[in-house]
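Raw contents of data_15.cif, mmCIF, C-alpha atoms; chains and numbers go by the auth columns:
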```cif
data_start
loop_
_atom_site.group_PDB
_atom_site.id
_atom_site.type_symbol
_atom_site.label_atom_id
_atom_site.label_comp_id
_atom_site.label_asym_id
_atom_site.label_seq_id
_atom_site.Cartn_x
_atom_site.Cartn_y
_atom_site.Cartn_z
_atom_site.B_iso_or_equiv
_atom_site.auth_seq_id
_atom_site.auth_asym_id
ATOM 1 C CA MET A 1 -39.028 25.114 -93.445 0.00 1 K
ATOM 2 C CA ALA A 2 -37.952 22.127 -95.560 0.00 2 K
ATOM 3 C CA TYR A 3 -35.674 19.616 -93.844 0.00 3 K
ATOM 4 C CA GLY A 4 -33.577 16.844 -95.324 0.00 4 K
ATOM 5 C CA HIS A 5 -33.317 14.447 -92.371 0.00 5 K
ATOM 6 C CA ILE A 6 -36.451 15.059 -90.299 0.00 6 K
ATOM 7 C CA LYS A 7 -40.116 15.701 -90.967 0.00 7 K
ATOM 8 C CA ILE A 8 -42.328 18.171 -89.115 0.00 8 K
ATOM 9 C CA ASP A 9 -46.121 17.966 -89.025 0.00 9 K
ATOM 10 C CA ARG A 10 -48.379 20.290 -87.057 0.00 10 K
ATOM 11 C CA GLU A 11 -51.709 18.854 -85.951 0.00 11 K
ATOM 12 C CA GLY A 12 -53.508 21.674 -84.185 0.00 12 K
ATOM 13 C CA PRO A 13 -51.471 22.428 -81.048 0.00 13 K
ATOM 14 C CA VAL A 14 -49.385 19.246 -81.444 0.00 14 K
ATOM 15 C CA THR A 15 -46.073 19.137 -83.348 0.00 15 K
ATOM 16 C CA VAL A 16 -45.011 15.704 -84.629 0.00 16 K
ATOM 17 C CA VAL A 17 -41.248 15.425 -85.175 0.00 17 K
ATOM 18 C CA THR A 18 -40.207 12.383 -87.220 0.00 18 K
ATOM 19 C CA LEU A 19 -36.576 11.277 -87.404 0.00 19 K
ATOM 20 C CA ASN A 20 -36.479 10.568 -91.123 0.00 20 K
ATOM 21 C CA ARG A 21 -33.408 8.470 -91.938 0.00 21 K
ATOM 22 C CA PRO A 22 -34.968 4.986 -92.108 0.00 22 K
ATOM 23 C CA ASP A 23 -32.187 3.675 -94.382 0.00 23 K
ATOM 24 C CA VAL A 24 -29.811 3.910 -91.397 0.00 24 K
ATOM 25 C CA MET A 25 -32.416 3.061 -88.738 0.00 25 K
ATOM 26 C CA ASN A 26 -32.846 6.793 -88.026 0.00 26 K
ATOM 27 C CA ALA A 27 -29.299 7.071 -86.715 0.00 27 K
ATOM 28 C CA LEU A 28 -28.295 10.716 -86.469 0.00 28 K
ATOM 29 C CA HIS A 29 -25.345 12.666 -87.806 0.00 29 K
ATOM 30 C CA ALA A 30 -24.361 16.322 -87.481 0.00 30 K
ATOM 31 C CA PRO A 31 -26.733 17.678 -90.166 0.00 31 K
ATOM 32 C CA ALA A 32 -29.679 15.915 -88.504 0.00 32 K
ATOM 33 C CA HIS A 33 -28.727 17.248 -85.065 0.00 33 K
ATOM 34 C CA PHE A 34 -28.706 20.823 -86.354 0.00 34 K
ATOM 35 C CA GLU A 35 -32.040 20.363 -88.129 0.00 35 K
ATOM 36 C CA LEU A 36 -33.555 19.066 -84.913 0.00 36 K
ATOM 37 C CA HIS A 37 -32.063 21.993 -83.013 0.00 37 K
ATOM 38 C CA GLU A 38 -33.854 24.397 -85.364 0.00 38 K
ATOM 39 C CA ALA A 39 -37.101 22.433 -85.237 0.00 39 K
ATOM 40 C CA PHE A 40 -37.237 22.342 -81.429 0.00 40 K
ATOM 41 C CA ASP A 41 -36.288 26.015 -81.255 0.00 41 K
ATOM 42 C CA ALA A 42 -39.287 26.743 -83.488 0.00 42 K
ATOM 43 C CA PHE A 43 -41.548 24.523 -81.370 0.00 43 K
ATOM 44 C CA ALA A 44 -40.420 26.221 -78.157 0.00 44 K
ATOM 45 C CA ALA A 45 -41.015 29.694 -79.594 0.00 45 K
ATOM 46 C CA ASP A 46 -44.445 29.028 -81.134 0.00 46 K
ATOM 47 C CA PRO A 47 -47.226 29.936 -78.655 0.00 47 K
ATOM 48 C CA ASP A 48 -49.724 27.885 -80.653 0.00 48 K
ATOM 49 C CA GLN A 49 -47.745 24.636 -80.292 0.00 49 K
ATOM 50 C CA TRP A 50 -48.319 23.052 -76.896 0.00 50 K
ATOM 51 C CA VAL A 51 -47.029 19.452 -77.084 0.00 51 K
ATOM 52 C CA ALA A 52 -44.523 17.620 -79.292 0.00 52 K
ATOM 53 C CA ILE A 53 -44.420 13.943 -80.259 0.00 53 K
ATOM 54 C CA VAL A 54 -41.057 12.527 -81.363 0.00 54 K
ATOM 55 C CA THR A 55 -40.997 9.318 -83.409 0.00 55 K
ATOM 56 C CA GLY A 56 -38.980 7.519 -86.077 0.00 56 K
ATOM 57 C CA ALA A 57 -39.716 6.848 -89.733 0.00 57 K
ATOM 58 C CA GLY A 58 -40.392 3.251 -90.757 0.00 58 K
ATOM 59 C CA GLU A 59 -41.177 0.224 -88.631 0.00 59 K
ATOM 60 C CA ARG A 60 -37.699 -0.924 -87.557 0.00 60 K
ATOM 61 C CA ALA A 61 -36.308 1.886 -85.472 0.00 61 K
ATOM 62 C CA PHE A 62 -37.060 4.926 -83.374 0.00 62 K
ATOM 63 C CA SER A 63 -33.355 5.713 -83.600 0.00 63 K
ATOM 64 C CA ALA A 64 -30.221 3.596 -83.549 0.00 64 K
ATOM 65 C CA GLY A 65 -28.421 6.575 -82.005 0.00 65 K
ATOM 66 C CA ASN A 66 -25.160 7.972 -83.337 0.00 66 K
ATOM 67 C CA ASP A 67 -24.490 7.259 -87.016 0.00 67 K
ATOM 68 C CA LEU A 68 -21.263 5.319 -86.474 0.00 68 K
ATOM 69 C CA LYS A 69 -20.759 4.606 -90.176 0.00 69 K
ATOM 70 C CA HIS A 70 -20.901 8.316 -90.908 0.00 70 K
ATOM 71 C CA GLN A 71 -18.410 8.891 -88.075 0.00 71 K
ATOM 72 C CA ALA A 72 -16.099 6.093 -89.225 0.00 72 K
ATOM 73 C CA SER A 73 -16.046 7.482 -92.777 0.00 73 K
ATOM 74 C CA GLY A 74 -14.711 10.787 -91.471 0.00 74 K
ATOM 75 C CA GLY A 75 -18.011 12.619 -91.165 0.00 75 K
ATOM 76 C CA GLY A 76 -18.115 15.487 -88.706 0.00 76 K
ATOM 77 C CA MET A 77 -19.423 14.949 -85.188 0.00 77 K
ATOM 78 C CA GLY A 78 -20.594 18.482 -84.467 0.00 78 K
ATOM 79 C CA LEU A 79 -23.475 19.058 -82.068 0.00 79 K
ATOM 80 C CA PRO A 80 -25.628 22.139 -81.494 0.00 80 K
ATOM 81 C CA PRO A 81 -25.770 23.732 -78.019 0.00 81 K
ATOM 82 C CA SER A 82 -28.969 21.777 -77.348 0.00 82 K
ATOM 83 C CA GLY A 83 -27.077 18.493 -77.635 0.00 83 K
ATOM 84 C CA PHE A 84 -27.817 15.175 -79.329 0.00 84 K
ATOM 85 C CA ALA A 85 -30.960 15.447 -81.488 0.00 85 K
ATOM 86 C CA GLY A 86 -31.301 19.057 -80.417 0.00 86 K
ATOM 87 C CA LEU A 87 -32.767 17.759 -77.160 0.00 87 K
ATOM 88 C CA THR A 88 -30.434 16.111 -74.685 0.00 88 K
ATOM 89 C CA GLN A 89 -28.994 19.409 -73.382 0.00 89 K
ATOM 90 C CA ARG A 90 -32.155 21.457 -73.870 0.00 90 K
ATOM 91 C CA PHE A 91 -32.880 22.070 -70.205 0.00 91 K
ATOM 92 C CA ASP A 92 -35.103 25.127 -70.588 0.00 92 K
ATOM 93 C CA LEU A 93 -37.981 23.584 -72.573 0.00 93 K
ATOM 94 C CA ASN A 94 -41.086 23.580 -70.370 0.00 94 K
ATOM 95 C CA LYS A 95 -43.464 22.275 -73.054 0.00 95 K
ATOM 96 C CA PRO A 96 -44.217 18.529 -72.831 0.00 96 K
ATOM 97 C CA LEU A 97 -42.461 16.027 -75.088 0.00 97 K
ATOM 98 C CA ILE A 98 -43.771 12.545 -75.863 0.00 98 K
ATOM 99 C CA ALA A 99 -41.512 9.865 -77.347 0.00 99 K
ATOM 100 C CA ALA A 100 -43.461 7.431 -79.550 0.00 100 K
ATOM 101 C CA VAL A 101 -40.913 4.621 -79.755 0.00 101 K
ATOM 102 C CA ASN A 102 -41.702 2.484 -82.775 0.00 102 K
ATOM 103 C CA GLY A 103 -38.778 0.058 -82.704 0.00 103 K
ATOM 104 C CA VAL A 104 -35.101 0.063 -81.763 0.00 104 K
ATOM 105 C CA ALA A 105 -34.059 2.850 -79.382 0.00 105 K
ATOM 106 C CA MET A 106 -30.361 2.249 -78.900 0.00 106 K
ATOM 107 C CA GLY A 107 -27.676 4.479 -77.421 0.00 107 K
ATOM 108 C CA GLY A 108 -28.430 8.031 -78.456 0.00 108 K
ATOM 109 C CA GLY A 109 -31.874 6.889 -79.578 0.00 109 K
ATOM 110 C CA PHE A 110 -32.666 5.793 -76.021 0.00 110 K
ATOM 111 C CA GLU A 111 -31.169 9.045 -74.758 0.00 111 K
ATOM 112 C CA ILE A 112 -33.593 11.001 -76.977 0.00 112 K
ATOM 113 C CA ALA A 113 -36.500 9.071 -75.469 0.00 113 K
ATOM 114 C CA LEU A 114 -35.205 9.611 -71.928 0.00 114 K
ATOM 115 C CA ALA A 115 -35.035 13.362 -72.637 0.00 115 K
ATOM 116 C CA CYS A 116 -38.787 13.313 -73.321 0.00 116 K
ATOM 117 C CA ASP A 117 -41.375 13.548 -70.542 0.00 117 K
ATOM 118 C CA LEU A 118 -43.374 10.482 -71.545 0.00 118 K
ATOM 119 C CA ILE A 119 -42.417 7.321 -73.436 0.00 119 K
ATOM 120 C CA ILE A 120 -45.125 5.428 -75.320 0.00 120 K
ATOM 121 C CA ALA A 121 -43.676 2.246 -76.792 0.00 121 K
ATOM 122 C CA ALA A 122 -44.754 -0.206 -79.449 0.00 122 K
ATOM 123 C CA ASP A 123 -44.701 -3.775 -78.187 0.00 123 K
ATOM 124 C CA THR A 124 -41.866 -4.358 -80.672 0.00 124 K
ATOM 125 C CA ALA A 125 -39.654 -1.604 -79.192 0.00 125 K
ATOM 126 C CA THR A 126 -36.326 -2.339 -77.543 0.00 126 K
ATOM 127 C CA PHE A 127 -34.078 -0.087 -75.481 0.00 127 K
ATOM 128 C CA ALA A 128 -30.383 -0.183 -74.591 0.00 128 K
ATOM 129 C CA LEU A 129 -27.293 1.873 -73.830 0.00 129 K
ATOM 130 C CA PRO A 130 -24.769 -0.324 -75.683 0.00 130 K
ATOM 131 C CA GLU A 131 -22.038 2.298 -76.170 0.00 131 K
ATOM 132 C CA PRO A 132 -19.356 0.334 -74.238 0.00 132 K
ATOM 133 C CA ARG A 133 -19.628 -2.403 -76.883 0.00 133 K
ATOM 134 C CA VAL A 134 -18.031 0.010 -79.366 0.00 134 K
ATOM 135 C CA GLY A 135 -15.659 1.762 -76.969 0.00 135 K
ATOM 136 C CA LEU A 136 -17.959 4.670 -76.171 0.00 136 K
ATOM 137 C CA ALA A 137 -20.140 5.781 -73.256 0.00 137 K
ATOM 138 C CA ALA A 138 -23.688 7.153 -73.096 0.00 138 K
ATOM 139 C CA LEU A 139 -22.609 10.744 -72.533 0.00 139 K
ATOM 140 C CA ALA A 140 -25.702 12.366 -74.084 0.00 140 K
ATOM 141 C CA GLY A 141 -27.591 12.092 -70.817 0.00 141 K
ATOM 142 C CA GLY A 142 -28.239 8.361 -70.582 0.00 142 K
ATOM 143 C CA LEU A 143 -25.794 7.819 -67.710 0.00 143 K
ATOM 144 C CA HIS A 144 -27.561 10.513 -65.695 0.00 144 K
ATOM 145 C CA ARG A 145 -31.212 10.420 -66.762 0.00 145 K
ATOM 146 C CA LEU A 146 -31.674 6.656 -66.467 0.00 146 K
ATOM 147 C CA PRO A 147 -30.602 6.400 -62.777 0.00 147 K
ATOM 148 C CA ARG A 148 -32.776 9.410 -61.942 0.00 148 K
ATOM 149 C CA GLN A 149 -35.770 7.866 -63.673 0.00 149 K
ATOM 150 C CA ILE A 150 -35.615 4.222 -62.557 0.00 150 K
ATOM 151 C CA GLY A 151 -33.196 4.128 -59.619 0.00 151 K
ATOM 152 C CA LEU A 152 -29.518 3.298 -59.354 0.00 152 K
ATOM 153 C CA LYS A 153 -29.447 -0.518 -59.267 0.00 153 K
ATOM 154 C CA ALA A 154 -31.910 -1.005 -62.133 0.00 154 K
ATOM 155 C CA ALA A 155 -30.062 1.583 -64.213 0.00 155 K
ATOM 156 C CA MET A 156 -26.645 0.076 -63.500 0.00 156 K
ATOM 157 C CA GLY A 157 -28.017 -3.300 -64.541 0.00 157 K
ATOM 158 C CA MET A 158 -28.595 -1.849 -67.994 0.00 158 K
ATOM 159 C CA ILE A 159 -25.567 0.447 -68.171 0.00 159 K
ATOM 160 C CA LEU A 160 -22.927 -2.090 -67.074 0.00 160 K
ATOM 161 C CA THR A 161 -24.161 -4.839 -69.394 0.00 161 K
ATOM 162 C CA GLY A 162 -25.416 -2.892 -72.401 0.00 162 K
ATOM 163 C CA ARG A 163 -28.289 -5.352 -72.499 0.00 163 K
ATOM 164 C CA ARG A 164 -31.447 -4.875 -74.526 0.00 164 K
ATOM 165 C CA VAL A 165 -34.696 -4.277 -72.680 0.00 165 K
ATOM 166 C CA ALA A 166 -38.033 -5.001 -74.312 0.00 166 K
ATOM 167 C CA ALA A 167 -40.918 -2.553 -74.060 0.00 167 K
ATOM 168 C CA ALA A 168 -42.774 -4.569 -71.423 0.00 168 K
ATOM 169 C CA GLU A 169 -39.714 -4.685 -69.157 0.00 169 K
ATOM 170 C CA GLY A 170 -39.187 -0.968 -69.753 0.00 170 K
ATOM 171 C CA GLN A 171 -42.686 -0.371 -68.434 0.00 171 K
ATOM 172 C CA ALA A 172 -41.991 -2.602 -65.422 0.00 172 K
ATOM 173 C CA LEU A 173 -38.748 -0.710 -64.737 0.00 173 K
ATOM 174 C CA GLY A 174 -40.647 2.561 -64.918 0.00 174 K
ATOM 175 C CA PHE A 175 -39.221 4.431 -67.908 0.00 175 K
ATOM 176 C CA VAL A 176 -42.072 3.476 -70.293 0.00 176 K
ATOM 177 C CA ASN A 177 -45.533 4.905 -69.612 0.00 177 K
ATOM 178 C CA GLU A 178 -47.570 2.652 -71.905 0.00 178 K
ATOM 179 C CA VAL A 179 -46.994 -0.279 -74.262 0.00 179 K
ATOM 180 C CA VAL A 180 -49.325 -0.718 -77.224 0.00 180 K
ATOM 181 C CA PRO A 181 -49.427 -2.804 -80.406 0.00 181 K
ATOM 182 C CA ALA A 182 -47.170 -1.285 -83.046 0.00 182 K
ATOM 183 C CA ALA A 183 -50.127 -0.418 -85.282 0.00 183 K
ATOM 184 C CA ASP A 184 -51.669 1.635 -82.458 0.00 184 K
ATOM 185 C CA LEU A 185 -48.545 3.565 -81.432 0.00 185 K
ATOM 186 C CA MET A 186 -49.230 6.970 -82.963 0.00 186 K
ATOM 187 C CA ASP A 187 -52.900 6.838 -81.971 0.00 187 K
ATOM 188 C CA ALA A 188 -51.801 6.210 -78.389 0.00 188 K
ATOM 189 C CA ALA A 189 -49.252 9.037 -78.484 0.00 189 K
ATOM 190 C CA ARG A 190 -51.875 11.396 -79.906 0.00 190 K
ATOM 191 C CA ARG A 191 -54.291 10.295 -77.164 0.00 191 K
ATOM 192 C CA TRP A 192 -51.751 11.278 -74.496 0.00 192 K
ATOM 193 C CA ALA A 193 -51.119 14.574 -76.304 0.00 193 K
ATOM 194 C CA ALA A 194 -54.862 15.263 -76.497 0.00 194 K
ATOM 195 C CA GLN A 195 -55.233 14.638 -72.762 0.00 195 K
ATOM 196 C CA ILE A 196 -52.455 17.143 -72.083 0.00 196 K
ATOM 197 C CA CYS A 197 -54.057 19.670 -74.436 0.00 197 K
ATOM 198 C CA GLU A 198 -57.299 19.503 -72.430 0.00 198 K
ATOM 199 C CA LEU A 199 -55.405 21.281 -69.641 0.00 199 K
ATOM 200 C CA SER A 200 -54.062 24.805 -69.439 0.00 200 K
ATOM 201 C CA PRO A 201 -50.749 25.000 -71.322 0.00 201 K
ATOM 202 C CA MET A 202 -49.600 27.600 -68.811 0.00 202 K
ATOM 203 C CA SER A 203 -50.309 25.214 -65.938 0.00 203 K
ATOM 204 C CA ILE A 204 -48.580 22.342 -67.720 0.00 204 K
ATOM 205 C CA ARG A 205 -45.452 24.423 -68.337 0.00 205 K
ATOM 206 C CA ALA A 206 -45.387 25.644 -64.740 0.00 206 K
ATOM 207 C CA SER A 207 -45.819 22.068 -63.514 0.00 207 K
ATOM 208 C CA LYS A 208 -43.035 20.644 -65.695 0.00 208 K
ATOM 209 C CA GLU A 209 -40.638 23.416 -64.752 0.00 209 K
ATOM 210 C CA ALA A 210 -41.403 23.029 -61.042 0.00 210 K
ATOM 211 C CA VAL A 211 -40.793 19.272 -61.183 0.00 211 K
ATOM 212 C CA PHE A 212 -37.408 19.503 -62.890 0.00 212 K
ATOM 213 C CA LYS A 213 -36.105 22.564 -61.101 0.00 213 K
ATOM 214 C CA GLY A 214 -37.376 21.142 -57.814 0.00 214 K
ATOM 215 C CA LEU A 215 -35.346 17.969 -58.329 0.00 215 K
ATOM 216 C CA ASP A 216 -32.229 20.152 -58.315 0.00 216 K
ATOM 217 C CA GLU A 217 -33.106 21.727 -54.963 0.00 217 K
ATOM 218 C CA PRO A 218 -31.393 20.336 -51.841 0.00 218 K
ATOM 219 C CA SER A 219 -34.625 19.502 -50.010 0.00 219 K
ATOM 220 C CA LEU A 220 -38.399 19.268 -50.358 0.00 220 K
ATOM 221 C CA GLU A 221 -38.716 22.437 -48.296 0.00 221 K
ATOM 222 C CA ALA A 222 -36.371 24.301 -50.653 0.00 222 K
ATOM 223 C CA ALA A 223 -38.196 22.983 -53.704 0.00 223 K
ATOM 224 C CA MET A 224 -41.565 24.154 -52.413 0.00 224 K
ATOM 225 C CA ALA A 225 -40.166 27.538 -51.442 0.00 225 K
ATOM 226 C CA GLY A 226 -38.375 27.956 -54.755 0.00 226 K
ATOM 227 C CA GLN A 227 -41.246 27.109 -57.073 0.00 227 K
ATOM 228 C CA MET A 228 -42.788 30.576 -56.799 0.00 228 K
ATOM 229 C CA ARG A 229 -39.608 32.044 -58.289 0.00 229 K
ATOM 230 C CA TYR A 230 -39.656 29.870 -61.407 0.00 230 K
ATOM 231 C CA PRO A 231 -40.425 31.773 -64.647 0.00 231 K
ATOM 232 C CA ALA A 232 -43.200 29.452 -65.822 0.00 232 K
ATOM 233 C CA THR A 233 -44.973 29.747 -62.468 0.00 233 K
ATOM 234 C CA ALA A 234 -44.822 33.534 -62.673 0.00 234 K
ATOM 235 C CA ALA A 235 -46.104 33.404 -66.263 0.00 235 K
ATOM 236 C CA MET A 236 -48.992 31.157 -65.220 0.00 236 K
ATOM 237 C CA LEU A 237 -50.032 33.486 -62.385 0.00 237 K
ATOM 238 C CA ARG A 238 -50.323 36.475 -64.709 0.00 238 K
ATOM 239 C CA SER A 239 -51.843 34.604 -67.661 0.00 239 K
ATOM 240 C CA GLU A 240 -55.287 34.718 -69.232 0.00 240 K
ATOM 241 C CA ASP A 241 -55.567 30.998 -68.517 0.00 241 K
ATOM 242 C CA PHE A 242 -55.207 31.703 -64.786 0.00 242 K
ATOM 243 C CA LYS A 243 -58.382 33.801 -65.025 0.00 243 K
ATOM 244 C CA GLU A 244 -60.186 31.548 -67.493 0.00 244 K
ATOM 245 C CA GLY A 245 -59.938 28.338 -65.450 0.00 245 K
ATOM 246 C CA PRO A 246 -61.889 29.492 -62.360 0.00 246 K
ATOM 247 C CA ARG A 247 -64.321 31.425 -64.579 0.00 247 K
ATOM 248 C CA ALA A 248 -65.113 28.343 -66.679 0.00 248 K
ATOM 249 C CA PHE A 249 -65.492 26.227 -63.540 0.00 249 K
ATOM 250 C CA ALA A 250 -67.943 28.721 -62.036 0.00 250 K
ATOM 251 C CA GLU A 251 -69.901 28.886 -65.296 0.00 251 K
ATOM 252 C CA LYS A 252 -69.914 25.069 -65.630 0.00 252 K
ATOM 253 C CA ARG A 253 -68.380 25.064 -69.097 0.00 253 K
ATOM 254 C CA LYS A 254 -65.242 23.813 -70.817 0.00 254 K
ATOM 255 C CA PRO A 255 -62.323 26.249 -70.505 0.00 255 K
ATOM 256 C CA ASN A 256 -61.115 28.086 -73.585 0.00 256 K
ATOM 257 C CA TRP A 257 -57.384 27.903 -73.015 0.00 257 K
ATOM 258 C CA GLN A 258 -55.206 30.497 -74.764 0.00 258 K
ATOM 259 C CA GLY A 259 -51.777 29.318 -73.684 0.00 259 K
ATOM 260 C CA ARG A 260 -50.908 32.863 -72.702 0.00 260 K
#
```

Encoded form (structure tokens):
Amino acid sequence: MAYGHIKIDREGPVTVVTLNRPDVMNALHAPAHFELHEAFDAFAADPDQWVAIVTGAGERAFSAGNDLKHQASGGGMGLPPSGFAGLTQRFDLNKPLIAAVNGVAMGGGFEIALACDLIIAADTATFALPEPRVGLAALAGGLHRLPRQIGLKAAMGMILTGRRVAAAEGQALGFVNEVVPAADLMDAARRWAAQICELSPMSIRASKEAVFKGLDEPSLEAAMAGQMRYPATAAMLRSEDFKEGPRAFAEKRKPNWQGR
């Protein structure tokens, strides 16, 4: 499908989603949100796509968040059911997402990255939730994901000041997995994706689902008891991959994962 505000590339089992509005620092408006909703729906439904990388076009920005100029000019603010960028309220996606942050990740842009499972950042990247500077609040998940990912005090230090955090500090705080030179960003993101693709997609999906659903359980005991009821765990246990893994180990060969 042709899109006007994003670009989709499929590289084997990896889908690369590029926010493609560099003239406005990849800020997003309603048409872009709905395109992303469709693109991530397609990624989720495609059994041959195992991992997605999300990045921004150009060198300046991953995403500057909400397109405030579009909003101020009277542009609509509609969102799909999956939320900002088709991601921030997409709670049922058990395939891994990697954010390759190539520059500014502000407000909704940072919230997109936080909605991903891994963040790989260029050394030029910066992160912030500056919404209070313009009379708004980070209601697309930032106020909830950031404290869960780095702890309350560190998160409040960013939220209550709106300050910018460089990539290296983001790694020290714990929300960035790796910092690389800007020229190496996509190679690094693809390296992480390739490492994930070496593993059973069924196992990866079961693992991601168990982590996130388990965090909603009232105790460790409840989380461990509940994991056998999760759909991705059940799918893993009846999959071809569940048979192939032990067979390949016994035969001392590389597994031929099917993702089903």

### Query
Which residues match the PyMOL selection byres ((chain K and resi 8) around 12) in the file above, as a VMD selection string?
chain K and resid 1 to 7 9 to 11 14 to 20 35 to 36 38 to 40 42 to 43 52 to 57

### Option closest in space to Thr88 (chain K), from K:Glu240, K:Asp216, K:Asp117, K:Asp184 [counting only C-alpha atoms]
K:Asp117

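Counting only C-alpha atoms, Pro181 (chain K) has the following residues at most 7 Å away, ignoring those fewer than 2 positions along the same chain: Ala122, Asp123, Ala183, Asp184 and Leu185 of chain K.
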
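The residue that comes closest to Thr233 (chain K), out of K:Ala206, K:Ile159, K:Ala168, K:Leu28 and on the basis of all atoms listed in the file, is K:Ala206.
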
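Shortest atom-to-atom contact with Pro22 (chain K) among K:Ala225, K:Ile112, K:Met106, K:Ala61: K:Ala61, counting only C-alpha atoms.
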
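The two atoms in question, CA of Gly142 (chain K) and CA of Pro130 (chain K), are spaced 10.7 Å apart.
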
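CA of Asp23 (chain K) lies 27.3 Å from CA of Glu178 (chain K).
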
Name the residues that the PyMOL selection byres ((chain K and resi 60) around 8) pulls out of this structure, and write them as a tab-separated table (two decimals) with C-alpha atoms, in the coordinates of the input.
```tsv
chain	number	residue	atom	x	y	z
K	22	PRO	CA	-34.97	4.99	-92.11
K	25	MET	CA	-32.42	3.06	-88.74
K	58	GLY	CA	-40.39	3.25	-90.76
K	59	GLU	CA	-41.18	0.22	-88.63
K	61	ALA	CA	-36.31	1.89	-85.47
K	62	PHE	CA	-37.06	4.93	-83.37
K	102	ASN	CA	-41.70	2.48	-82.78
K	103	GLY	CA	-38.78	0.06	-82.70
K	104	VAL	CA	-35.10	0.06	-81.76
```

### Message
Report as a VMD selection string all protein, DNA and RNA residues lying within 8 Å of Cys116 (chain K), evaluated on all atoms listed in the file, omitting residues in the same chain fewer than 6 positions from it.
### Response
chain K and resid 96 to 99

### Task
Could you expand the PyMOL selection byres ((chain K and resi 162-165) around 9) into the explicit residues it covers here, written as a ChimeraX atom specification?
/K:106,125-133,157-161,166-170

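From CA of Arg247 (chain K) back to CA of Arg229 (chain K), the distance works out to 25.5 Å.
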
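By only C-alpha atoms, and with residues fewer than 5 positions from Gly12 (chain K) along its chain excluded, the set lying at most 12 Å from it is Pro47, Asp48, Gln49, Trp50, Val51, Ala52, Arg190, Ala193, Ala194 and Cys197 of chain K.
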
Generate the output file for the selected residues, C-alpha atoms, as a compact mmCIF listing (two decimals), keeping the file's coordinate frame.
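out.txt, freshly written:
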```txt
# COMPACT_ATOMS: atom_id res chain seq x y z
CA PRO K 47 -47.23 29.94 -78.66
CA ASP K 48 -49.72 27.88 -80.65
CA GLN K 49 -47.74 24.64 -80.29
CA TRP K 50 -48.32 23.05 -76.90
CA VAL K 51 -47.03 19.45 -77.08
CA ALA K 52 -44.52 17.62 -79.29
CA ARG K 190 -51.88 11.40 -79.91
CA ALA K 193 -51.12 14.57 -76.30
CA ALA K 194 -54.86 15.26 -76.50
CA CYS K 197 -54.06 19.67 -74.44
```

### Message
Which residue is closest to Ala85 (chain K)? Choose from K:His144, K:Lys254, K:Arg260, K:His29 and count only C-alpha atoms.
### Response
K:His29

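With all atoms listed in the file as the atoms that count, the minimum distance from Ala182 (chain K) to the choices K:Ile196, K:Ala45, K:Ile120, K:Met77 is reached by K:Ile120.
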
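Of the residues under consideration (K:Lys252, K:Lys153, K:Arg148, K:Lys95), K:Lys95 shows the shortest atom-to-atom contact distance to Ser203 (chain K) when counting only C-alpha atoms.
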